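Right, one structure below, let's go through it.
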Amino acid sequence: MRKFIMRRVLRAFSKRYNYDASYLEMMLDEAPSAFFEFAKIEAVSRHREVVPVEAYFAAKLVGALKEDCGPCVQLVVDMALEAGMPNNQLEAVLRGDVAAMTAPTAIAFRFAQAVEQRSPDENEYRDVVRAEWSDKGVIELTLALTISRVFPMLKAGLGYAAQCRRIAVEGQNVDVVKQAA
């Protein structure tokens, strides 16, 4: 019964976001106990208390962009729009255009990039986040960055990451800047 309900949830999610969650259905079929343990991460992926929505999704996008060629990035874009992130901020993050970002977006973007790249400036950007939103903000942005990388990695590891996709914000394609390696 639990598998039946979860399959319906996954299919509704897939339909709502036009996202192929077949890798999660495969996991549910082949290793249900692993699936239900992994599913707990979903609540963590939504945790946000103190950082503004645009900062939170800027960090999520940096992580998704690092790991994915499109579908997971598009999913984060669609969720960000649904949560109220302004189009221009989404586009600025996708293009890597810090000058077009608001202060909260830029703070989170720079922090997430520094952490993701293991930059020597990582501590400096962490201090900026801490000064703006306290240690809670550091935790929230770190979780957003980290968890957004987990799903694409799982998808790739299970052999479901072969599809590329253009990224669009409200139907308008955006030229996404390739993240530094």
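Letters for chains follow the order of the structure tokens (A, B, ...), residue numbers begin at 1 for each chain, and ligand numbers begin at 1 in the order shown.
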
Based on DSSP run over this structure's backbone, return all residues of range 8-77 of chain A in helix (DSSP H, G or I), as a ChimeraX atom specification. /A:8-17,22-30,32-38,41-45,53-67,71-77

So that I can see what lies close to Val138 in chain A, please list as a PyMOL selection string the residues with an atom at most 10 Å from it, counting only C-alpha atoms and leaving out residues fewer than 2 positions away in the same chain. chain A and resi 50-51+108+111-112+125-136+140-144

Residues from last step as file, N, CA, C and O atoms, as a compact mmCIF listing (two decimals), in the first residue's frame:
# COMPACT_ATOMS: atom_id res chain seq x y z
N VAL A 50 15.47 31.47 7.46
CA VAL A 50 15.93 32.86 7.57
C VAL A 50 16.39 33.48 6.25
O VAL A 50 16.34 34.70 6.12
N VAL A 51 16.83 32.70 5.30
CA VAL A 51 17.32 33.31 4.06
C VAL A 51 16.14 33.60 3.12
O VAL A 51 15.17 32.84 3.08
N ALA A 108 24.30 34.74 -1.73
CA ALA A 108 24.13 33.29 -1.76
C ALA A 108 24.85 32.66 -2.94
O ALA A 108 25.48 31.61 -2.81
N PHE A 111 28.63 32.68 -2.27
CA PHE A 111 28.93 31.69 -1.24
C PHE A 111 28.87 30.27 -1.80
O PHE A 111 29.78 29.47 -1.63
N ALA A 112 27.77 29.96 -2.50
CA ALA A 112 27.59 28.62 -3.05
C ALA A 112 28.69 28.28 -4.05
O ALA A 112 29.24 27.17 -4.04
N TYR A 125 33.28 34.47 2.07
CA TYR A 125 31.87 34.45 1.65
C TYR A 125 30.98 33.87 2.75
O TYR A 125 29.85 34.32 2.95
N ARG A 126 31.47 32.90 3.49
CA ARG A 126 30.72 32.34 4.61
C ARG A 126 30.49 33.42 5.67
O ARG A 126 29.41 33.53 6.23
N ASP A 127 31.53 34.23 5.92
CA ASP A 127 31.39 35.32 6.89
C ASP A 127 30.34 36.34 6.46
O ASP A 127 29.61 36.89 7.29
N VAL A 128 30.26 36.60 5.16
CA VAL A 128 29.25 37.54 4.64
C VAL A 128 27.85 36.97 4.88
O VAL A 128 26.95 37.68 5.33
N VAL A 129 27.68 35.68 4.59
CA VAL A 129 26.38 35.03 4.83
C VAL A 129 26.05 35.08 6.32
O VAL A 129 24.93 35.43 6.72
N ARG A 130 27.02 34.77 7.16
CA ARG A 130 26.81 34.76 8.61
C ARG A 130 26.42 36.17 9.11
O ARG A 130 25.52 36.31 9.93
N ALA A 131 27.07 37.20 8.59
CA ALA A 131 26.75 38.57 9.00
C ALA A 131 25.34 38.96 8.56
O ALA A 131 24.65 39.71 9.26
N GLU A 132 24.90 38.45 7.43
CA GLU A 132 23.58 38.78 6.90
C GLU A 132 22.46 37.98 7.56
O GLU A 132 21.40 38.52 7.87
N TRP A 133 22.69 36.66 7.75
CA TRP A 133 21.59 35.78 8.19
C TRP A 133 21.97 34.85 9.35
O TRP A 133 21.23 33.90 9.62
N SER A 134 23.08 35.06 9.99
CA SER A 134 23.54 34.24 11.12
C SER A 134 23.99 32.85 10.67
O SER A 134 23.98 32.53 9.48
N ASP A 135 24.36 32.05 11.64
CA ASP A 135 24.77 30.68 11.33
C ASP A 135 23.63 29.88 10.72
O ASP A 135 23.86 28.96 9.93
N LYS A 136 22.39 30.23 11.06
CA LYS A 136 21.24 29.56 10.43
C LYS A 136 21.29 29.74 8.91
O LYS A 136 20.98 28.83 8.16
N GLU A 140 21.38 26.88 6.14
CA GLU A 140 20.35 26.77 5.11
C GLU A 140 20.93 26.79 3.70
O GLU A 140 20.54 25.99 2.85
N LEU A 141 21.85 27.70 3.44
CA LEU A 141 22.45 27.77 2.10
C LEU A 141 23.31 26.55 1.81
O LEU A 141 23.33 26.06 0.67
N THR A 142 24.00 26.05 2.83
CA THR A 142 24.82 24.85 2.63
C THR A 142 23.93 23.65 2.34
O THR A 142 24.24 22.85 1.44
N LEU A 143 22.83 23.52 3.06
CA LEU A 143 21.89 22.43 2.78
C LEU A 143 21.31 22.57 1.37
O LEU A 143 21.20 21.58 0.63
N ALA A 144 20.90 23.78 0.99
CA ALA A 144 20.34 23.99 -0.34
C ALA A 144 21.33 23.59 -1.42
O ALA A 144 20.98 22.88 -2.38

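Atom pair CA of Glu25 in chain A / CA of Ser45 in chain A has a distance of 18.9 Å (rounded to one decimal).
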
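Each of A:Asn18, A:Arg7, A:Asp97, A:Ala83 was compared to Tyr56 in chain A using only C-alpha atoms, and A:Ala83 turns out to be the nearest.
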
Contacts of Val93 in chain A at 12 Å or less, counting only C-alpha atoms, minus same-chain residues fewer than 3 places along, as an mmCIF file with N, CA, C and O atoms, in the first residue's frame?
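Here's the written file selection03.cif:
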data_model
loop_
_atom_site.group_PDB
_atom_site.id
_atom_site.type_symbol
_atom_site.label_atom_id
_atom_site.label_comp_id
_atom_site.auth_asym_id
_atom_site.auth_seq_id
_atom_site.Cartn_x
_atom_site.Cartn_y
_atom_site.Cartn_z
ATOM 1 N N GLU A 54 15.081 34.155 -2.877
ATOM 2 C CA GLU A 54 16.029 34.261 -3.998
ATOM 3 C C GLU A 54 17.431 33.796 -3.599
ATOM 4 O O GLU A 54 18.160 33.243 -4.425
ATOM 5 N N ALA A 55 17.808 33.981 -2.348
ATOM 6 C CA ALA A 55 19.111 33.489 -1.880
ATOM 7 C C ALA A 55 19.103 31.967 -1.812
ATOM 8 O O ALA A 55 20.048 31.303 -2.265
ATOM 9 N N TYR A 56 18.039 31.421 -1.254
ATOM 10 C CA TYR A 56 17.897 29.978 -1.125
ATOM 11 C C TYR A 56 17.993 29.288 -2.491
ATOM 12 O O TYR A 56 18.752 28.343 -2.676
ATOM 13 N N PHE A 57 17.234 29.792 -3.464
ATOM 14 C CA PHE A 57 17.242 29.151 -4.778
ATOM 15 C C PHE A 57 18.508 29.463 -5.566
ATOM 16 O O PHE A 57 18.893 28.669 -6.431
ATOM 17 N N ALA A 58 19.175 30.560 -5.286
ATOM 18 C CA ALA A 58 20.470 30.806 -5.931
ATOM 19 C C ALA A 58 21.447 29.703 -5.544
ATOM 20 O O ALA A 58 22.148 29.148 -6.398
ATOM 21 N N ALA A 59 21.483 29.357 -4.263
ATOM 22 C CA ALA A 59 22.373 28.281 -3.804
ATOM 23 C C ALA A 59 21.966 26.942 -4.411
ATOM 24 O O ALA A 59 22.813 26.157 -4.848
ATOM 25 N N LYS A 60 20.663 26.663 -4.447
ATOM 26 C CA LYS A 60 20.180 25.404 -5.038
ATOM 27 C C LYS A 60 20.582 25.316 -6.507
ATOM 28 O O LYS A 60 20.983 24.256 -6.992
ATOM 29 N N LEU A 61 20.460 26.418 -7.219
ATOM 30 C CA LEU A 61 20.802 26.411 -8.646
ATOM 31 C C LEU A 61 22.288 26.181 -8.871
ATOM 32 O O LEU A 61 22.668 25.467 -9.805
ATOM 33 N N VAL A 62 23.125 26.769 -8.049
ATOM 34 C CA VAL A 62 24.566 26.541 -8.197
ATOM 35 C C VAL A 62 24.863 25.047 -8.083
ATOM 36 O O VAL A 62 25.611 24.487 -8.885
ATOM 37 N N GLY A 63 24.261 24.385 -7.111
ATOM 38 C CA GLY A 63 24.477 22.947 -6.951
ATOM 39 C C GLY A 63 23.938 22.142 -8.109
ATOM 40 O O GLY A 63 24.615 21.255 -8.639
ATOM 41 N N ALA A 64 22.715 22.435 -8.527
ATOM 42 C CA ALA A 64 22.103 21.690 -9.631
ATOM 43 C C ALA A 64 22.869 21.912 -10.933
ATOM 44 O O ALA A 64 23.058 20.981 -11.711
ATOM 45 N N LEU A 65 23.318 23.138 -11.156
ATOM 46 C CA LEU A 65 24.091 23.423 -12.369
ATOM 47 C C LEU A 65 25.401 22.648 -12.394
ATOM 48 O O LEU A 65 25.856 22.213 -13.451
ATOM 49 N N VAL A 73 18.020 21.053 -13.221
ATOM 50 C CA VAL A 73 18.116 22.518 -13.168
ATOM 51 C C VAL A 73 16.755 23.124 -13.479
ATOM 52 O O VAL A 73 16.296 24.033 -12.779
ATOM 53 N N VAL A 76 14.500 22.911 -10.515
ATOM 54 C CA VAL A 76 14.785 23.938 -9.505
ATOM 55 C C VAL A 76 14.260 25.295 -9.977
ATOM 56 O O VAL A 76 13.690 26.050 -9.186
ATOM 57 N N VAL A 77 14.421 25.600 -11.261
ATOM 58 C CA VAL A 77 13.886 26.862 -11.806
ATOM 59 C C VAL A 77 12.375 26.923 -11.598
ATOM 60 O O VAL A 77 11.840 27.930 -11.119
ATOM 61 N N ALA A 80 11.525 27.421 -8.009
ATOM 62 C CA ALA A 80 11.859 28.786 -7.592
ATOM 63 C C ALA A 80 10.779 29.760 -8.042
ATOM 64 O O ALA A 80 10.365 30.641 -7.277
ATOM 65 N N MET A 85 10.436 33.441 -6.557
ATOM 66 C CA MET A 85 11.701 34.083 -6.950
ATOM 67 C C MET A 85 11.466 34.865 -8.245
ATOM 68 O O MET A 85 10.921 34.328 -9.205
ATOM 69 N N PRO A 86 11.884 36.127 -8.289
ATOM 70 C CA PRO A 86 11.683 36.934 -9.495
ATOM 71 C C PRO A 86 12.437 36.360 -10.706
ATOM 72 O O PRO A 86 13.566 35.874 -10.575
ATOM 73 N N ASN A 87 11.804 36.447 -11.855
ATOM 74 C CA ASN A 87 12.407 35.947 -13.100
ATOM 75 C C ASN A 87 13.799 36.507 -13.334
ATOM 76 O O ASN A 87 14.711 35.784 -13.715
ATOM 77 N N ASN A 88 13.943 37.827 -13.114
ATOM 78 C CA ASN A 88 15.236 38.442 -13.417
ATOM 79 C C ASN A 88 16.351 37.898 -12.522
ATOM 80 O O ASN A 88 17.502 37.818 -12.933
ATOM 81 N N GLN A 89 16.003 37.483 -11.305
ATOM 82 C CA GLN A 89 17.016 36.914 -10.416
ATOM 83 C C GLN A 89 17.373 35.489 -10.838
ATOM 84 O O GLN A 89 18.532 35.098 -10.801
ATOM 85 N N LEU A 90 16.382 34.739 -11.264
ATOM 86 C CA LEU A 90 16.648 33.397 -11.794
ATOM 87 C C LEU A 90 17.569 33.480 -13.009
ATOM 88 O O LEU A 90 18.550 32.747 -13.110
ATOM 89 N N GLY A 96 25.047 33.624 -14.507
ATOM 90 C CA GLY A 96 26.219 33.964 -13.710
ATOM 91 C C GLY A 96 26.492 35.453 -13.699
ATOM 92 O O GLY A 96 27.627 35.894 -13.504
ATOM 93 N N ASP A 97 25.463 36.268 -13.860
ATOM 94 C CA ASP A 97 25.577 37.723 -13.961
ATOM 95 C C ASP A 97 25.368 38.356 -12.585
ATOM 96 O O ASP A 97 24.271 38.797 -12.240
ATOM 97 N N VAL A 98 26.438 38.431 -11.799
ATOM 98 C CA VAL A 98 26.357 38.956 -10.430
ATOM 99 C C VAL A 98 25.892 40.408 -10.424
ATOM 100 O O VAL A 98 25.145 40.814 -9.524
ATOM 101 N N ALA A 99 26.263 41.187 -11.429
ATOM 102 C CA ALA A 99 25.868 42.599 -11.471
ATOM 103 C C ALA A 99 24.350 42.768 -11.565
ATOM 104 O O ALA A 99 23.811 43.780 -11.122
ATOM 105 N N ALA A 100 23.650 41.781 -12.098
ATOM 106 C CA ALA A 100 22.195 41.859 -12.241
ATOM 107 C C ALA A 100 21.453 41.277 -11.032
ATOM 108 O O ALA A 100 20.228 41.318 -10.985
ATOM 109 N N MET A 101 22.195 40.755 -10.069
ATOM 110 C CA MET A 101 21.580 40.128 -8.898
ATOM 111 C C MET A 101 21.326 41.144 -7.794
ATOM 112 O O MET A 101 22.098 42.088 -7.620
ATOM 113 N N THR A 102 20.264 40.915 -7.025
ATOM 114 C CA THR A 102 20.055 41.692 -5.808
ATOM 115 C C THR A 102 21.122 41.258 -4.801
ATOM 116 O O THR A 102 21.774 40.222 -4.973
ATOM 117 N N PRO A 104 20.851 39.905 -1.742
ATOM 118 C CA PRO A 104 20.692 38.553 -1.196
ATOM 119 C C PRO A 104 21.030 37.451 -2.199
ATOM 120 O O PRO A 104 21.661 36.444 -1.843
ATOM 121 N N THR A 105 20.627 37.639 -3.453
ATOM 122 C CA THR A 105 20.925 36.642 -4.480
ATOM 123 C C THR A 105 22.429 36.529 -4.678
ATOM 124 O O THR A 105 22.982 35.422 -4.724
ATOM 125 N N ALA A 106 23.110 37.666 -4.783
ATOM 126 C CA ALA A 106 24.554 37.668 -5.014
ATOM 127 C C ALA A 106 25.316 37.057 -3.842
ATOM 128 O O ALA A 106 26.285 36.311 -4.044
ATOM 129 N N ILE A 107 24.886 37.362 -2.634
ATOM 130 C CA ILE A 107 25.557 36.800 -1.451
ATOM 131 C C ILE A 107 25.483 35.275 -1.493
ATOM 132 O O ILE A 107 26.493 34.582 -1.327
ATOM 133 N N ALA A 108 24.299 34.742 -1.730
ATOM 134 C CA ALA A 108 24.127 33.290 -1.756
ATOM 135 C C ALA A 108 24.847 32.664 -2.941
ATOM 136 O O ALA A 108 25.480 31.608 -2.809
ATOM 137 N N PHE A 109 24.768 33.306 -4.094
ATOM 138 C CA PHE A 109 25.423 32.797 -5.303
ATOM 139 C C PHE A 109 26.937 32.707 -5.102
ATOM 140 O O PHE A 109 27.544 31.674 -5.371
ATOM 141 N N ARG A 110 27.524 33.794 -4.603
ATOM 142 C CA ARG A 110 28.982 33.802 -4.392
ATOM 143 C C ARG A 110 29.403 32.778 -3.342
ATOM 144 O O ARG A 110 30.419 32.090 -3.503
ATOM 145 N N ALA A 112 27.768 29.964 -2.500
ATOM 146 C CA ALA A 112 27.594 28.616 -3.050
ATOM 147 C C ALA A 112 28.692 28.282 -4.054
ATOM 148 O O ALA A 112 29.236 27.171 -4.038
ATOM 149 N N GLN A 113 29.045 29.232 -4.908
ATOM 150 C CA GLN A 113 30.125 28.978 -5.863
ATOM 151 C C GLN A 113 31.452 28.757 -5.145
ATOM 152 O O GLN A 113 32.218 27.870 -5.512
ATOM 153 N N VAL A 169 12.937 30.123 -18.385
ATOM 154 C CA VAL A 169 12.259 30.812 -17.287
ATOM 155 C C VAL A 169 10.972 31.377 -17.874
ATOM 156 O O VAL A 169 11.026 32.244 -18.737
ATOM 157 N N VAL A 174 17.082 30.551 -21.572
ATOM 158 C CA VAL A 174 18.154 31.328 -20.957
ATOM 159 C C VAL A 174 19.472 30.661 -21.305
ATOM 160 O O VAL A 174 19.605 29.439 -21.185
ATOM 161 N N ASP A 175 20.436 31.460 -21.737
ATOM 162 C CA ASP A 175 21.776 30.926 -21.999
ATOM 163 C C ASP A 175 22.470 30.744 -20.669
ATOM 164 O O ASP A 175 22.842 31.719 -20.017
ATOM 165 N N VAL A 176 22.632 29.495 -20.288
ATOM 166 C CA VAL A 176 23.199 29.160 -18.995
ATOM 167 C C VAL A 176 24.716 29.158 -19.106
ATOM 168 O O VAL A 176 25.286 28.568 -20.014
ATOM 169 N N VAL A 177 25.346 29.828 -18.155
ATOM 170 C CA VAL A 177 26.801 29.853 -18.101
ATOM 171 C C VAL A 177 27.292 28.525 -17.532
ATOM 172 O O VAL A 177 26.732 28.016 -16.571
ATOM 173 N N LYS A 178 28.279 27.945 -18.159
ATOM 174 C CA LYS A 178 28.858 26.687 -17.671
ATOM 175 C C LYS A 178 29.634 26.982 -16.398
ATOM 176 O O LYS A 178 30.451 27.893 -16.355
ATOM 177 N N GLN A 179 29.328 26.211 -15.349
ATOM 178 C CA GLN A 179 30.026 26.402 -14.066
ATOM 179 C C GLN A 179 31.485 25.998 -14.222
ATOM 180 O O GLN A 179 31.816 25.069 -14.952
#

Work out how far CA of Gln74 in chain A is from CA of Ala168 in chain A, in Å to one decimal.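 For CA of Ala168 in chain A relative to CA of Gln74 in chain A, the distance reads 7.1 Å.
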
Hey, can you check how far CA of Val9 in chain A sits from CA of His47 in chain A?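 One can read the CA of Val9 in chain A to CA of His47 in chain A distance as 19.9 Å.
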
Could you check the closest approach to Ala43 in chain A for each of A:Ile147, A:Ala103, A:Cys72, A:Val115 and tell me which residue wins, using only C-alpha atoms?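 Closest to Ala43 in chain A, using only C-alpha atoms: A:Ile147.
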
Can you list, as a ChimeraX atom specification, every protein, DNA or RNA residue that comes within 10 Å of Asp20 in chain A when you count only C-alpha atoms, leaving out same-chain residues fewer than 3 positions away? /A:10-11,13-15,17,23-25,71-72,75,160,163

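Here the question is which of A:Glu67, A:Asp29, A:Glu49, A:Glu37 gets nearest to Phe151 in chain A using only C-alpha atoms, and that residue is A:Glu67.
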
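Nearest-residue note for Gly70 in chain A: choosing from A:Tyr19, A:Gly171, A:Met1, A:Glu91, the minimum distance belongs to A:Tyr19, counting only C-alpha atoms.
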
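Listed by chain and then by rising number, the residues of range 8-172 of chain A that DSSP assigns to strand (DSSP E or B) from the backbone are Ile167, Ala168, Val169 and Gln172 of chain A.
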
Considering only C-alpha atoms, can you say which of A:Arg16, A:Lys3, A:Arg48, A:Lys40 comes closest to Ile139 in chain A? A:Arg48
